[in-house]
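Colleague: My questions all concern the structure below.
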Number of protein chains: 4
Amino acid sequence: MNKGRLEAFSDGVFAIIITIMVLELKIPAGNSLKSLEPLLPVSFSYAISFIFVGIYWNNHHHTMQAVKTVNGGILWANMHLLFWLSLIPFATAWMGENHFSQFPVTLYGILLIMNAVAYTILIVQLIKHHGKESVLAKAIGDDRKGKLSILIYTTAIAASWINTNISIGLFILVACIWFIPDKRIEKQILK
Amino acid sequence: MNKGRLEAFSDGVFAIIITIMVLELKIPAGNSLKSLEPLLPVSFSYAISFIFVGIYWNNHHHTMQAVKTVNGGILWANMHLLFWLSLIPFATAWMGENHFSQFPVTLYGILLIMNAVAYTILIVQLIKHHGKESVLAKAIGDDRKGKLSILIYTTAIAASWINTNISIGLFILVACIWFIPDKRIEKQILK
Amino acid sequence: MNKGRLEAFSDGVFAIIITIMVLELKIPAGNSLKSLEPLLPVSFSYAISFIFVGIYWNNHHHTMQAVKTVNGGILWANMHLLFWLSLIPFATAWMGENHFSQFPVTLYGILLIMNAVAYTILIVQLIKHHGKESVLAKAIGDDRKGKLSILIYTTAIAASWINTNISIGLFILVACIWFIPDKRIEKQILK
Amino acid sequence: MNKGRLEAFSDGVFAIIITIMVLELKIPAGNSLKSLEPLLPVSFSYAISFIFVGIYWNNHHHTMQAVKTVNGGILWANMHLLFWLSLIPFATAWMGENHFSQFPVTLYGILLIMNAVAYTILIVQLIKHHGKESVLAKAIGDDRKGKLSILIYTTAIAASWINTNISIGLFILVACIWFIPDKRIEKQILK
């Protein structure tokens, strides 16, 4: 089966998720510079999630470039990833509106883990379908970046019981690791 | 006429329907784990509908793969399906916020039937356009899965007068039946 | 210039417009059948607008099939049409929530005229670009359906001062006229 | 890497941004013509932003036509542009609801500058990837229109401390300058 519509549908869901988060930036009552102040934590939360959804889209884009066809299992693995991504706007708003207090940060971390797991499942399904000699399989290898991310997320969740600033710092660390789209795939395609 | 834009437009509507449902997960007032508790039924309702819309997208995707061209009748049959799908976020939220009480569950069941009927009409239009010897016609056959689903939905609606848990169980049963995208089409395409 | 992205962007806007209207179906407070009653006018209003946006999408789809390339003027004529279409959810909700009272129905009629005018401008731009001997020019001819629609809309607006039921009836009449996608284009393409 | 999905994803985000702004047109309580009056500033604000987002889409469309492939840097430069664009609905609503008072207009101006800067970064990334002899590089040249826009925006922000009507006038002036999609690219492609 052709991968075209899976990409188009996913692009639509990605585009909506990344954009509806901004609806949580509620218009302030006043018209002074000061009236924007309470929006700062929500804006910061929005910016972090924008980058995370952006990273997922970038990686999805890179991964699907290395893919030729899809099957039923891949469609559902993709749908499963979109489900967890669709919860990010909720967790983002809860975290921002509660000024990065403990439970919301914990939930955010758990959600990031669920997304990482869902992405791994998608990759596994794709490699199963394309074979161990495929471009994708070689590019992913033993997926050290994926495993490292889940380790850092877990640390961040634990750290949220001590100081949520550490957790946020660790989330940003993962974002930095993934900021550069998967060069591994670009390299393998060029070979 | 080319099927490309019908797919693109439908993908857009599917993507929005599946994503705006999450807006019903209202940000809780507190920041404790306990403050998430009232969201449980709405989240469960969201998960069920996510799967149902996912199933419709998967089947739509599979069906359109077997389709070559479209006509005016097919465009409207598709629009009709999208209309009933667009009401799912409303029914989902009503059902979740009322903790799966009787009338909301009944309405949800009726909506699932309307969607199943609309999908059948789309299939009928497609087969009329492509002929009885087409891949699609052979793949669908006498559409036993479709008929069985409507039967289970009807039972679920009746059961909602006794115990809505039975209804929810039956909805999930239908989801399981359809979880695997229409293998019938994959088989026929490969022939 | 290629028409691909104009279609993709328009499909996105159409899909969002047709879907966000459903957000006006506010979840009722109660869980009885009776609590759905106040939603009836809004639902009816939604159904009418769904059909109108559906008609515009169908015609846009048919028109663009007959089009080969686009230019700057066409991009803006299309954007202008999308602007008026984007106001339909607002007018739909206002009309539904006020039980089809006079001013909201008048506004709805004016909006339908603005859309019809914007569509005509798009067609004129397209024909100017493709020439009088083009498939599109022949298919549209002297655009009797377009002119008739504007006439009926005007009558509906005038009638809203007497009885808005007449106006709604006239809106539905226009919908019936356009329900069948532009056969004129299908015929010309087949020639 | 192929540019197809970057275009599709961007089209999705553009379509959502331009459409969700209309959700700020809150349904008025009354049903008289007078009850629409308070919506006038918000509607005017909406119209201005619709044109600005429309201009960005048009230019994005023209620019990507001259582009053959993309790389990781371009994906992020594009994401960065979409981030600033996604804040336009917020600034639009704040400006409209506060009747174009000073701070909201200042913020709107700052946002327009951020968008202009983000667009310039995207162009720079694209030219770096395609070379100085590329169609795009020749079409953009020394980017006088871009520099002039930022100059006018800065003037508009300064003017907002004196009279915001001047600022709005200057915003509209920039819109007029960009109204015609980048003829420079059309010319270079035809060569």
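Every chain in the structure tokens has a letter given in the order shown (A, B, ...), and although residue numbers restart at 1 in each chain, ligands are simply numbered from 1 in the order shown.
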Quick one: which residues from chain A are at most 9 Å off chain B, using only C-alpha atoms, as a ChimeraX atom specification?

Modeller: /A:1-2,5-6,8-14,16-17,20,72-73,75-76,79,83,86-87,89-91,93-95,97-98,101-104

Colleague: Fewer than 2 positions away in the same chain doesn't count, so skip those; otherwise give me all residues within 12 Å of Gly169 (chain D), counting only C-alpha atoms, as number ranges by chain.

Modeller: D: 48, 100, 105, 109, 152-153, 155-157, 159-160, 163-167, 171-176

Colleague: Which residues come within 8 Å of Trp84 (chain D), counting only C-alpha atoms, excluding same-chain residues fewer than 2 positions away, as a VMD selection string?

Modeller: chain D and resid 80 to 82 86 to 88 111 114 to 115 118

Colleague: Go through region 26-107 of chain A and collect every residue that DSSP, computed from the backbone, puts in helix (DSSP H, G or I); the answer should be as a ChimeraX atom specification.

Modeller: /A:34-65,72-86,88-97,102-107

Colleague: Please produce a file of the residues just selected, as a CSV table (one decimal), in the first residue's frame, where the atoms kept are C-alpha atoms.

Modeller:
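What landed in part_3.csv:
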```
chain,number,residue,atom,x,y,z
A,34,LYS,CA,1.5,44.1,32.7
A,35,SER,CA,-1.7,42.2,31.7
A,36,LEU,CA,0.5,40.0,29.5
A,37,GLU,CA,2.6,38.9,32.5
A,38,PRO,CA,0.3,36.0,33.7
A,39,LEU,CA,0.7,34.6,30.2
A,40,LEU,CA,4.4,34.1,30.5
A,41,PRO,CA,4.4,30.5,32.0
A,42,VAL,CA,1.7,29.4,29.4
A,43,SER,CA,3.8,30.9,26.6
A,44,PHE,CA,6.9,29.2,27.8
A,45,SER,CA,5.0,25.9,28.1
A,46,TYR,CA,3.7,26.5,24.5
A,47,ALA,CA,7.1,27.2,23.1
A,48,ILE,CA,8.5,23.9,24.6
A,49,SER,CA,5.6,21.8,23.2
A,50,PHE,CA,5.9,23.5,19.9
A,51,ILE,CA,9.5,22.4,19.7
A,52,PHE,CA,8.6,18.8,20.8
A,53,VAL,CA,5.8,18.5,18.2
A,54,GLY,CA,8.1,20.1,15.6
A,55,ILE,CA,10.8,17.4,16.4
A,56,TYR,CA,8.2,14.6,16.1
A,57,TRP,CA,7.1,16.0,12.8
A,58,ASN,CA,10.7,16.4,11.5
A,59,ASN,CA,11.5,12.8,12.5
A,60,HIS,CA,8.3,11.5,11.1
A,61,HIS,CA,9.1,13.3,7.9
A,62,HIS,CA,12.6,11.8,7.8
A,63,THR,CA,11.5,8.3,8.7
A,64,MET,CA,8.7,8.2,6.1
A,65,GLN,CA,11.2,9.4,3.4
A,72,GLY,CA,-2.3,-2.2,8.4
A,73,GLY,CA,0.0,-2.6,11.3
A,74,ILE,CA,1.9,0.5,10.4
A,75,LEU,CA,-1.3,2.5,10.0
A,76,TRP,CA,-2.3,1.6,13.5
A,77,ALA,CA,1.1,2.2,15.0
A,78,ASN,CA,1.0,5.6,13.4
A,79,MET,CA,-2.5,6.2,14.7
A,80,HIS,CA,-1.3,5.2,18.2
A,81,LEU,CA,1.5,7.8,18.0
A,82,LEU,CA,-1.0,10.5,16.9
A,83,PHE,CA,-3.2,9.6,19.9
A,84,TRP,CA,-0.4,10.4,22.4
A,85,LEU,CA,0.6,13.4,20.5
A,86,SER,CA,-3.0,14.7,20.6
A,88,ILE,CA,0.2,17.2,24.4
A,89,PRO,CA,-1.9,20.4,24.1
A,90,PHE,CA,-3.8,19.3,27.2
A,91,ALA,CA,-0.7,18.6,29.3
A,92,THR,CA,1.0,21.7,27.9
A,93,ALA,CA,-1.9,23.9,29.1
A,94,TRP,CA,-2.2,22.2,32.5
A,95,MET,CA,1.6,22.6,33.1
A,96,GLY,CA,1.6,26.3,32.0
A,97,GLU,CA,-1.4,27.3,33.9
A,102,GLN,CA,4.9,19.1,40.4
A,103,PHE,CA,2.0,16.9,39.1
A,104,PRO,CA,1.5,18.7,35.8
A,105,VAL,CA,5.3,18.4,35.1
A,106,THR,CA,5.2,14.7,36.0
A,107,LEU,CA,2.2,14.1,33.7
```
